[in-house]
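Contents: one structure, followed by commentary.
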Amino acid sequence: MSRIARTAPAGIALALAVTLSACGSSGGDVAADEKQTLTVWAMGAEGEKLADVAEVYEKANPNITVKVTPIGWDVAHQKLVSAAAAGTLPDVAQMGGTYMGEFSELGVLEPVDTEVFDKKDFFPAGWEQGEVDGTAYGVPWYVDTRVLYYRTDLAEKAGVTEAPTDWKGLKGLATAYQEKAGTKWGLSIQPSGLDTVQNFSSFLYSAGGEIVNDKGEAVVDSPEAVKALKEYGSYFDKGLSNKSVQPGYDVVKDFGNGRVPMFFGGPWHVTLLNEGQPQIKGKWAIANVPADASSTSMAGGSSLVVSKDSEHKAAATEFIKYLTDTKGQSDWYERTKDLPANTSAWESGTLADDADLQIFKKQMDTAKSSPSLANWSEITDKVDQAIAKVTQGKASAEDALKTAQSEIEGLVKQ
Amino acid sequence: MSTTTEKARGPRKAGAAPSPAAGGSRGRKPSMGVQNAAGWLFSTPFLVLFTVFMAFPILATLVMSFTDFGLRNVTRPWEAEFIGFENYVNLFGDEKFLKSLFNTGYFVVIGVPLTIGIGLVVAVLLNNGIDRARTFFRVGFYAPVVTTIVAVAVVWRFVLDPSDGLIAGLFSEVGWTAPDFLGSETLAMPSLIVMAVWRNVGTVMVLFIAGLQAIPTEVREAAKLDGASVWQEFRSITIPLLRPTVLYATVITTIGYLNVFEEPFVMTQGGPSDSTLTVSLNMYREGFNFFHMGYASAMAYVLFVVIMGITVLQLRLLKDNTK
């Protein structure tokens, strides 16, 4: 017993020492033209498609071997955090816009070389996503934003031929769908639960409101925000939107069967609808987010980051350059239908000609990305709760947002 | 069959077993030191795994619960500050935590008696009644236990869906509107309890069937000869003899329900308005969504103390009654 008791801690200490020294040896960067292996993590469908691109890249750059590891979105966050803690992040990783604040706080990201990547080449919201306190840590890879999806066949039945352009038109169409076309609901927006704020943001930003402004102050009880939440809540008061939506609800099926004639969706919904609901092909369309003060939607997407500990920073930068230049971005769109973050990629081919894509581009030009704060998910949780109180009829928009404001004030100060 | 042949051969002869003295004077018993070494050698895999995956995390969590361990400390743990009992003090001023504690208590107080009660009734019925379909029913009641929570969630969402679910369909047959089970603050928790009971009755049932079958038939027959009714037999024979099983089933069900996480996680995510937020779910969100690791650790230790207290209390109350 005594011997084990003495040797076990020594063993653990030894193991720790080995791990720590392994982490610490990041000195001596390898030049880009030397023979080396680049490790890359990418999520979901992107992870699988990126392996094909990597093969093409390897042929053009024989000295580089790119090892792509696809990671499921559901485990991505946890895997990245534990890799950051263990000092085993890959050379290059894909990161969602909302991760940026957290990982820069962890101090594991290498700032973007702004001599290689120019802010002007990208959508402003795409670039801002990778920026924390004025320093860019991620190069925008692809972007997404929400637009309005609506059923044209049912709108015709309801006597409406034009897409709604403002809040009044949106509510008018929702009512007409229900009254004249006999749909169950008028518009699908999320009433409560995690990330309700994503649905709400189209209203909030269009009214000119924000949760946290660019000075880092909480401003969620502004008159604009109150107005937006009142409008949002009125859809539930009037029975135009479902008060009870369960976690994991997928709107695509109900859009297909006509129960829900309108929703706010991202670019991926085009593919989902074409493949999953072929019976309504040609019976739906997309439009820009109906405006109040402006038509402003939320921006999402992913960036590419380089790990601070990487020994292959030069090669990693080259590889990211390849993925985010005009040619690489057009190629990526053809493979994945992810919207290019580099605006020059939109100037040729399908991207320039397709009317639907131009709607996304127009939305993207003014879209707003969420501030890169480490505790952003905690902040949005407070807003989620305020929205839930209003949609469930428990509080007025003013009171709910006042509560959220004081809670968020406590969170941004830290 | 094999037992009868064994018996026929009679007790094993000493020679059949390897005798320590077989080697004569040279073959001594291995010395204590060697024996100890072998013991340690064989238990090393367990000890290593236990230390790495149980003891160390448990201790680390305890230490962490006295710090302000947050996101930045994931890469710089040494920067976490010791703040004494601050996390624990804050917990008891945290409305959300108190609500989750209340919700968990609600879940246990209603859920445990229902699970034990229904499990016992089902077990007794299966043990006495229906002879032919017994296997069918045993499997039927046990199936939910071995089904993954995701599949269970799909089924229950369909059952509870207020617009086109199973219950909504039944209600509309008679012209009523079904309540919105998971969207209502008063009905969401009871719905989850029903779901949990349905999932756990099978486990308890199996325990009770084993307990029932361990009751000697002679005792029952004697009771019958004395003219005891079915109810009398149940009350005076079955229940007292089943007491150890009841105790065990109650303790494990209570511990399980105090830790309840899966049902609210997949069905409601704690909503609506935190009405189904349990301590475990709250802990998960604080720890892994908001990275308040120190705070979440303190929560874990409060839950641990609660569980230990209730278990000790249960053991004491239920055990004393058996005498």
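A note on labels: chains of the structure tokens are A, B, ... as shown, every chain counts residues from 1, and ligands are counted from 1 in their shown order.
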Quick one: contact table of chain A to chain B, 8 Å max, nearest atom pair and distance in Å to one decimal per residue, counting only C-alpha atoms, chain and number order, as JSON lines?
{"residue": "A:Val81", "atom": "CA", "partner": "B:Val74", "partner_atom": "CA", "distance": 7.8}
{"residue": "A:Ala84", "atom": "CA", "partner": "B:Thr75", "partner_atom": "CA", "distance": 6.7}
{"residue": "A:Ala85", "atom": "CA", "partner": "B:Thr75", "partner_atom": "CA", "distance": 4.6}
{"residue": "A:Ala86", "atom": "CA", "partner": "B:Thr75", "partner_atom": "CA", "distance": 7.6}
{"residue": "A:Gly87", "atom": "CA", "partner": "B:Thr75", "partner_atom": "CA", "distance": 7.9}
{"residue": "A:Glu102", "atom": "CA", "partner": "B:Leu71", "partner_atom": "CA", "distance": 7.4}
{"residue": "A:Glu105", "atom": "CA", "partner": "B:Arg72", "partner_atom": "CA", "distance": 6.0}
{"residue": "A:Leu106", "atom": "CA", "partner": "B:Arg72", "partner_atom": "CA", "distance": 5.0}
{"residue": "A:Gly107", "atom": "CA", "partner": "B:Thr75", "partner_atom": "CA", "distance": 7.9}
{"residue": "A:Ser192", "atom": "CA", "partner": "B:Pro272", "partner_atom": "CA", "distance": 7.2}
{"residue": "A:Gly193", "atom": "CA", "partner": "B:Gly271", "partner_atom": "CA", "distance": 6.5}
{"residue": "A:Leu194", "atom": "CA", "partner": "B:Gln269", "partner_atom": "CA", "distance": 7.7}
{"residue": "A:Lys243", "atom": "CA", "partner": "B:Gly183", "partner_atom": "CA", "distance": 7.6}
{"residue": "A:Ser244", "atom": "CA", "partner": "B:Gly183", "partner_atom": "CA", "distance": 5.1}
{"residue": "A:Val245", "atom": "CA", "partner": "B:Gly183", "partner_atom": "CA", "distance": 7.6}
{"residue": "A:Gln246", "atom": "CA", "partner": "B:Thr268", "partner_atom": "CA", "distance": 6.7}
{"residue": "A:Pro247", "atom": "CA", "partner": "B:Thr268", "partner_atom": "CA", "distance": 6.4}
{"residue": "A:Asn375", "atom": "CA", "partner": "B:Phe290", "partner_atom": "CA", "distance": 6.5}
{"residue": "A:Ser377", "atom": "CA", "partner": "B:Phe290", "partner_atom": "CA", "distance": 6.7}
{"residue": "A:Glu378", "atom": "CA", "partner": "B:Phe290", "partner_atom": "CA", "distance": 5.7}
{"residue": "A:Gln385", "atom": "CA", "partner": "B:Ser273", "partner_atom": "CA", "distance": 7.1}
{"residue": "A:Ala388", "atom": "CA", "partner": "B:Ser273", "partner_atom": "CA", "distance": 7.0}
{"residue": "A:Lys389", "atom": "CA", "partner": "B:Ser273", "partner_atom": "CA", "distance": 7.4}
Dump as an mmCIF file, in the first residue's frame, selection limited to N, CA and C atoms:
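Result file result.cif:
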data_model
loop_
_atom_site.group_PDB
_atom_site.id
_atom_site.type_symbol
_atom_site.label_atom_id
_atom_site.label_comp_id
_atom_site.auth_asym_id
_atom_site.auth_seq_id
_atom_site.Cartn_x
_atom_site.Cartn_y
_atom_site.Cartn_z
ATOM 1 N N VAL A 81 -13.471 22.725 -27.102
ATOM 2 C CA VAL A 81 -13.084 23.216 -25.775
ATOM 3 C C VAL A 81 -12.101 22.264 -25.120
ATOM 4 N N ALA A 84 -8.791 22.583 -26.739
ATOM 5 C CA ALA A 84 -8.129 23.824 -26.317
ATOM 6 C C ALA A 84 -7.512 23.640 -24.937
ATOM 7 N N ALA A 85 -8.254 22.979 -24.032
ATOM 8 C CA ALA A 85 -7.757 22.758 -22.677
ATOM 9 C C ALA A 85 -6.533 21.865 -22.683
ATOM 10 N N ALA A 86 -6.534 20.864 -23.559
ATOM 11 C CA ALA A 86 -5.423 19.918 -23.596
ATOM 12 C C ALA A 86 -4.288 20.407 -24.484
ATOM 13 N N GLY A 87 -4.496 21.530 -25.175
ATOM 14 C CA GLY A 87 -3.459 22.039 -26.071
ATOM 15 C C GLY A 87 -3.289 21.189 -27.313
ATOM 16 N N GLU A 102 -15.580 33.104 -27.108
ATOM 17 C CA GLU A 102 -15.098 32.136 -26.125
ATOM 18 C C GLU A 102 -13.650 31.745 -26.375
ATOM 19 N N GLU A 105 -11.065 34.311 -25.744
ATOM 20 C CA GLU A 105 -10.905 34.418 -24.288
ATOM 21 C C GLU A 105 -9.975 33.313 -23.773
ATOM 22 N N LEU A 106 -10.077 32.151 -24.394
ATOM 23 C CA LEU A 106 -9.200 31.050 -23.988
ATOM 24 C C LEU A 106 -7.753 31.287 -24.414
ATOM 25 N N GLY A 107 -7.571 32.219 -25.335
ATOM 26 C CA GLY A 107 -6.219 32.544 -25.771
ATOM 27 C C GLY A 107 -5.559 31.463 -26.597
ATOM 28 N N SER A 192 -40.544 30.069 -27.458
ATOM 29 C CA SER A 192 -39.724 29.994 -26.242
ATOM 30 C C SER A 192 -38.660 28.934 -26.433
ATOM 31 N N GLY A 193 -37.819 28.773 -25.421
ATOM 32 C CA GLY A 193 -36.776 27.756 -25.487
ATOM 33 C C GLY A 193 -35.451 28.339 -25.937
ATOM 34 N N LEU A 194 -34.468 27.452 -26.068
ATOM 35 C CA LEU A 194 -33.116 27.882 -26.407
ATOM 36 C C LEU A 194 -33.062 28.538 -27.775
ATOM 37 N N LYS A 243 -48.029 28.903 -29.993
ATOM 38 C CA LYS A 243 -47.422 29.228 -28.696
ATOM 39 C C LYS A 243 -46.577 28.092 -28.151
ATOM 40 N N SER A 244 -46.837 26.881 -28.642
ATOM 41 C CA SER A 244 -46.153 25.723 -28.075
ATOM 42 C C SER A 244 -45.398 24.986 -29.164
ATOM 43 N N VAL A 245 -44.107 25.252 -29.234
ATOM 44 C CA VAL A 245 -43.271 24.547 -30.204
ATOM 45 C C VAL A 245 -42.253 23.737 -29.426
ATOM 46 N N GLN A 246 -42.200 22.442 -29.694
ATOM 47 C CA GLN A 246 -41.319 21.587 -28.903
ATOM 48 C C GLN A 246 -39.891 21.624 -29.428
ATOM 49 N N PRO A 247 -38.924 21.366 -28.523
ATOM 50 C CA PRO A 247 -37.532 21.352 -28.970
ATOM 51 C C PRO A 247 -37.373 20.359 -30.122
ATOM 52 N N ASN A 375 -19.391 35.354 -23.031
ATOM 53 C CA ASN A 375 -20.589 34.841 -22.362
ATOM 54 C C ASN A 375 -21.866 35.160 -23.158
ATOM 55 N N SER A 377 -23.783 33.282 -24.973
ATOM 56 C CA SER A 377 -24.908 32.349 -24.831
ATOM 57 C C SER A 377 -25.673 32.620 -23.537
ATOM 58 N N GLU A 378 -24.964 33.101 -22.527
ATOM 59 C CA GLU A 378 -25.631 33.430 -21.270
ATOM 60 C C GLU A 378 -26.483 34.692 -21.443
ATOM 61 N N GLN A 385 -35.556 34.244 -22.295
ATOM 62 C CA GLN A 385 -36.532 34.208 -21.203
ATOM 63 C C GLN A 385 -37.524 35.366 -21.318
ATOM 64 N N ALA A 388 -39.975 34.505 -24.027
ATOM 65 C CA ALA A 388 -40.922 33.484 -23.569
ATOM 66 C C ALA A 388 -42.016 34.110 -22.709
ATOM 67 N N LYS A 389 -41.611 35.026 -21.818
ATOM 68 C CA LYS A 389 -42.603 35.652 -20.931
ATOM 69 C C LYS A 389 -43.656 36.387 -21.751
#
Ala178 in chain B surroundings by only C-alpha atoms, 7 Å radius, close-in-sequence under 5 positions cut, as a ChimeraX atom specification
/B:162,167-168,171
Limited to N, CA and C atoms, could you put the picked residues into a file as a PDB file, in the first residue's frame?
ATOM      1  N   PRO B 162     -50.164  18.665 -28.922  1.00  0.00           N
ATOM      2  CA  PRO B 162     -51.513  19.212 -28.745  1.00  0.00           C
ATOM      3  C   PRO B 162     -52.324  19.323 -30.036  1.00  0.00           C
ATOM      4  N   ILE B 167     -53.226  11.701 -27.819  1.00  0.00           N
ATOM      5  CA  ILE B 167     -54.221  12.140 -26.841  1.00  0.00           C
ATOM      6  C   ILE B 167     -55.147  13.186 -27.461  1.00  0.00           C
ATOM      7  N   ALA B 168     -54.564  14.093 -28.250  1.00  0.00           N
ATOM      8  CA  ALA B 168     -55.381  15.109 -28.916  1.00  0.00           C
ATOM      9  C   ALA B 168     -56.433  14.440 -29.799  1.00  0.00           C
ATOM     10  N   PHE B 171     -59.174  13.007 -27.612  1.00  0.00           N
ATOM     11  CA  PHE B 171     -60.005  14.100 -27.094  1.00  0.00           C
ATOM     12  C   PHE B 171     -60.973  14.598 -28.163  1.00  0.00           C
TER      13      PHE B 171
END
Extract the full set of alpha helix (DSSP H) residues from range 207-247 of chain B according to DSSP on the backbone, and format it as an mmCIF file with C-alpha atoms, in the first residue's frame.
data_model
loop_
_atom_site.group_PDB
_atom_site.id
_atom_site.type_symbol
_atom_site.label_atom_id
_atom_site.label_comp_id
_atom_site.auth_asym_id
_atom_site.auth_seq_id
_atom_site.Cartn_x
_atom_site.Cartn_y
_atom_site.Cartn_z
ATOM 1 C CA LEU B 207 -36.885 -6.451 -8.936
ATOM 2 C CA PHE B 208 -40.290 -7.213 -7.435
ATOM 3 C CA ILE B 209 -40.812 -10.348 -9.536
ATOM 4 C CA ALA B 210 -37.464 -11.636 -8.306
ATOM 5 C CA GLY B 211 -38.481 -10.763 -4.737
ATOM 6 C CA LEU B 212 -41.868 -12.425 -5.108
ATOM 7 C CA GLN B 213 -40.367 -15.598 -6.455
ATOM 8 C CA THR B 217 -44.531 -21.349 -1.580
ATOM 9 C CA GLU B 218 -45.010 -23.182 1.729
ATOM 10 C CA VAL B 219 -45.691 -19.900 3.497
ATOM 11 C CA ARG B 220 -48.361 -18.985 0.965
ATOM 12 C CA GLU B 221 -49.905 -22.446 1.096
ATOM 13 C CA ALA B 222 -50.000 -22.323 4.865
ATOM 14 C CA ALA B 223 -51.777 -18.997 4.704
ATOM 15 C CA LYS B 224 -54.283 -20.387 2.239
ATOM 16 C CA LEU B 225 -54.931 -23.408 4.490
ATOM 17 C CA VAL B 230 -56.050 -12.983 -1.443
ATOM 18 C CA TRP B 231 -55.864 -9.512 0.108
ATOM 19 C CA GLN B 232 -54.913 -10.875 3.538
ATOM 20 C CA GLU B 233 -52.219 -13.004 1.982
ATOM 21 C CA ILE B 239 -45.637 -7.186 1.734
ATOM 22 C CA PRO B 240 -43.595 -8.005 4.857
ATOM 23 C CA LEU B 241 -41.466 -10.570 3.038
ATOM 24 C CA LEU B 242 -40.958 -8.185 0.163
ATOM 25 C CA ARG B 243 -39.828 -5.352 2.402
ATOM 26 C CA PRO B 244 -36.108 -5.590 1.605
ATOM 27 C CA THR B 245 -36.944 -5.410 -2.097
ATOM 28 C CA VAL B 246 -39.240 -2.416 -1.552
ATOM 29 C CA LEU B 247 -36.458 -0.705 0.356
#
So that I can check the secondary structure, give me every residue of range 142-385 of chain A assigned strand (DSSP E or B) by backbone DSSP, as a count of residues only.
36
Which residues, written as a ChimeraX atom specification, have at least one atom at most 8 Å from Ala296 in chain B, with only C-alpha atoms counted and residues fewer than 6 positions away on the same chain left out?
/B:65,283-284,286-287
Restricted to N, CA, C and O atoms, what would the selected residues look like written as a CSV table (one decimal), in the first residue's frame?
chain,number,residue,atom,x,y,z
B,65,SER,N,-15.4,23.6,-6.7
B,65,SER,CA,-16.6,24.2,-6.1
B,65,SER,C,-16.3,25.4,-5.2
B,65,SER,O,-17.1,26.2,-4.8
B,283,MET,N,-27.5,22.3,-13.7
B,283,MET,CA,-26.1,22.1,-13.5
B,283,MET,C,-25.4,22.0,-14.9
B,283,MET,O,-24.4,22.6,-15.1
B,284,TYR,N,-26.0,21.2,-15.7
B,284,TYR,CA,-25.4,21.0,-17.1
B,284,TYR,C,-25.4,22.4,-17.8
B,284,TYR,O,-24.4,22.7,-18.4
B,286,GLU,N,-25.4,25.5,-16.5
B,286,GLU,CA,-24.4,26.4,-15.9
B,286,GLU,C,-23.0,26.0,-16.3
B,286,GLU,O,-22.1,26.8,-16.6
B,287,GLY,N,-22.7,24.7,-16.3
B,287,GLY,CA,-21.4,24.2,-16.5
B,287,GLY,C,-21.0,24.2,-18.0
B,287,GLY,O,-19.9,24.7,-18.3
What is the CA of Thr37 in chain A-CA of Ala345 in chain A distance in Å, reported with one decimal?
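A separation of 28.5 Å between them.
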Within 6 Å of range 285-296 of chain A, counting only C-alpha atoms, which residues show up once you throw out same-chain ones fewer than 5 positions away? Write them as a list in words, please.
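Selected residues are Val147, Leu148, Tyr149, Tyr150, Thr165, Asp166, Trp167, Tyr205, Ser206, Ala207, Thr366 and Ala367 of chain A.
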Exercise: range 137-148 of chain B partners within 9 Å, only C-alpha atoms, chain neighbours under 3 positions left out, as number ranges by chain
B: 122-123, 126, 133-134, 151-153, 198-203, 205-206
Restricted to N, CA, C and O atoms, what would the selected residues look like written as a PDB file, in the first residue's frame?
ATOM      1  N   VAL B 122     -48.008  -4.447 -10.884  1.00  0.00           N
ATOM      2  CA  VAL B 122     -47.751  -5.184 -12.120  1.00  0.00           C
ATOM      3  C   VAL B 122     -47.029  -6.489 -11.815  1.00  0.00           C
ATOM      4  O   VAL B 122     -47.373  -7.554 -12.341  1.00  0.00           O
ATOM      5  N   ALA B 123     -46.039  -6.421 -10.922  1.00  0.00           N
ATOM      6  CA  ALA B 123     -45.261  -7.613 -10.592  1.00  0.00           C
ATOM      7  C   ALA B 123     -46.156  -8.675  -9.951  1.00  0.00           C
ATOM      8  O   ALA B 123     -46.075  -9.853 -10.304  1.00  0.00           O
ATOM      9  N   LEU B 126     -48.434 -10.183 -12.567  1.00  0.00           N
ATOM     10  CA  LEU B 126     -47.708 -11.075 -13.474  1.00  0.00           C
ATOM     11  C   LEU B 126     -47.330 -12.368 -12.763  1.00  0.00           C
ATOM     12  O   LEU B 126     -47.322 -13.438 -13.363  1.00  0.00           O
ATOM     13  N   ALA B 133     -49.808 -15.363 -21.072  1.00  0.00           N
ATOM     14  CA  ALA B 133     -49.232 -14.162 -21.694  1.00  0.00           C
ATOM     15  C   ALA B 133     -48.153 -13.533 -20.821  1.00  0.00           C
ATOM     16  O   ALA B 133     -47.746 -12.410 -21.046  1.00  0.00           O
ATOM     17  N   ARG B 134     -47.708 -14.280 -19.789  1.00  0.00           N
ATOM     18  CA  ARG B 134     -46.777 -13.700 -18.828  1.00  0.00           C
ATOM     19  C   ARG B 134     -45.535 -13.103 -19.501  1.00  0.00           C
ATOM     20  O   ARG B 134     -45.175 -11.955 -19.284  1.00  0.00           O
ATOM     21  N   ALA B 151     -35.551   7.662 -28.852  1.00  0.00           N
ATOM     22  CA  ALA B 151     -36.710   6.985 -29.420  1.00  0.00           C
ATOM     23  C   ALA B 151     -37.933   7.234 -28.546  1.00  0.00           C
ATOM     24  O   ALA B 151     -39.029   7.504 -29.038  1.00  0.00           O
ATOM     25  N   VAL B 152     -37.733   7.166 -27.229  1.00  0.00           N
ATOM     26  CA  VAL B 152     -38.823   7.414 -26.293  1.00  0.00           C
ATOM     27  C   VAL B 152     -39.390   8.820 -26.503  1.00  0.00           C
ATOM     28  O   VAL B 152     -40.606   9.023 -26.530  1.00  0.00           O
ATOM     29  N   ALA B 153     -38.493   9.778 -26.702  1.00  0.00           N
ATOM     30  CA  ALA B 153     -38.931  11.162 -26.881  1.00  0.00           C
ATOM     31  C   ALA B 153     -39.794  11.306 -28.124  1.00  0.00           C
ATOM     32  O   ALA B 153     -40.819  11.985 -28.107  1.00  0.00           O
ATOM     33  N   TRP B 198     -43.409   5.519 -16.683  1.00  0.00           N
ATOM     34  CA  TRP B 198     -43.546   4.529 -17.757  1.00  0.00           C
ATOM     35  C   TRP B 198     -42.186   3.904 -18.099  1.00  0.00           C
ATOM     36  O   TRP B 198     -42.077   2.709 -18.327  1.00  0.00           O
ATOM     37  N   ARG B 199     -41.143   4.738 -18.072  1.00  0.00           N
ATOM     38  CA  ARG B 199     -39.812   4.233 -18.419  1.00  0.00           C
ATOM     39  C   ARG B 199     -39.209   3.385 -17.320  1.00  0.00           C
ATOM     40  O   ARG B 199     -38.361   2.538 -17.580  1.00  0.00           O
ATOM     41  N   ASN B 200     -39.597   3.641 -16.047  1.00  0.00           N
ATOM     42  CA  ASN B 200     -38.887   2.996 -14.949  1.00  0.00           C
ATOM     43  C   ASN B 200     -39.643   1.884 -14.261  1.00  0.00           C
ATOM     44  O   ASN B 200     -39.069   1.136 -13.474  1.00  0.00           O
ATOM     45  N   VAL B 201     -40.956   1.783 -14.542  1.00  0.00           N
ATOM     46  CA  VAL B 201     -41.737   0.722 -13.907  1.00  0.00           C
ATOM     47  C   VAL B 201     -41.131  -0.649 -14.219  1.00  0.00           C
ATOM     48  O   VAL B 201     -41.069  -1.518 -13.354  1.00  0.00           O
ATOM     49  N   GLY B 202     -40.642  -0.838 -15.418  1.00  0.00           N
ATOM     50  CA  GLY B 202     -40.063  -2.114 -15.821  1.00  0.00           C
ATOM     51  C   GLY B 202     -38.934  -2.573 -14.912  1.00  0.00           C
ATOM     52  O   GLY B 202     -38.892  -3.730 -14.489  1.00  0.00           O
ATOM     53  N   THR B 203     -38.036  -1.655 -14.573  1.00  0.00           N
ATOM     54  CA  THR B 203     -36.899  -1.997 -13.711  1.00  0.00           C
ATOM     55  C   THR B 203     -37.399  -2.469 -12.354  1.00  0.00           C
ATOM     56  O   THR B 203     -36.968  -3.507 -11.832  1.00  0.00           O
ATOM     57  N   MET B 205     -40.354  -3.491 -11.582  1.00  0.00           N
ATOM     58  CA  MET B 205     -41.138  -4.715 -11.753  1.00  0.00           C
ATOM     59  C   MET B 205     -40.243  -5.959 -11.712  1.00  0.00           C
ATOM     60  O   MET B 205     -40.557  -6.932 -11.036  1.00  0.00           O
ATOM     61  N   VAL B 206     -39.138  -5.889 -12.424  1.00  0.00           N
ATOM     62  CA  VAL B 206     -38.229  -7.037 -12.448  1.00  0.00           C
ATOM     63  C   VAL B 206     -37.704  -7.336 -11.047  1.00  0.00           C
ATOM     64  O   VAL B 206     -37.654  -8.500 -10.615  1.00  0.00           O
TER      65      VAL B 206
END
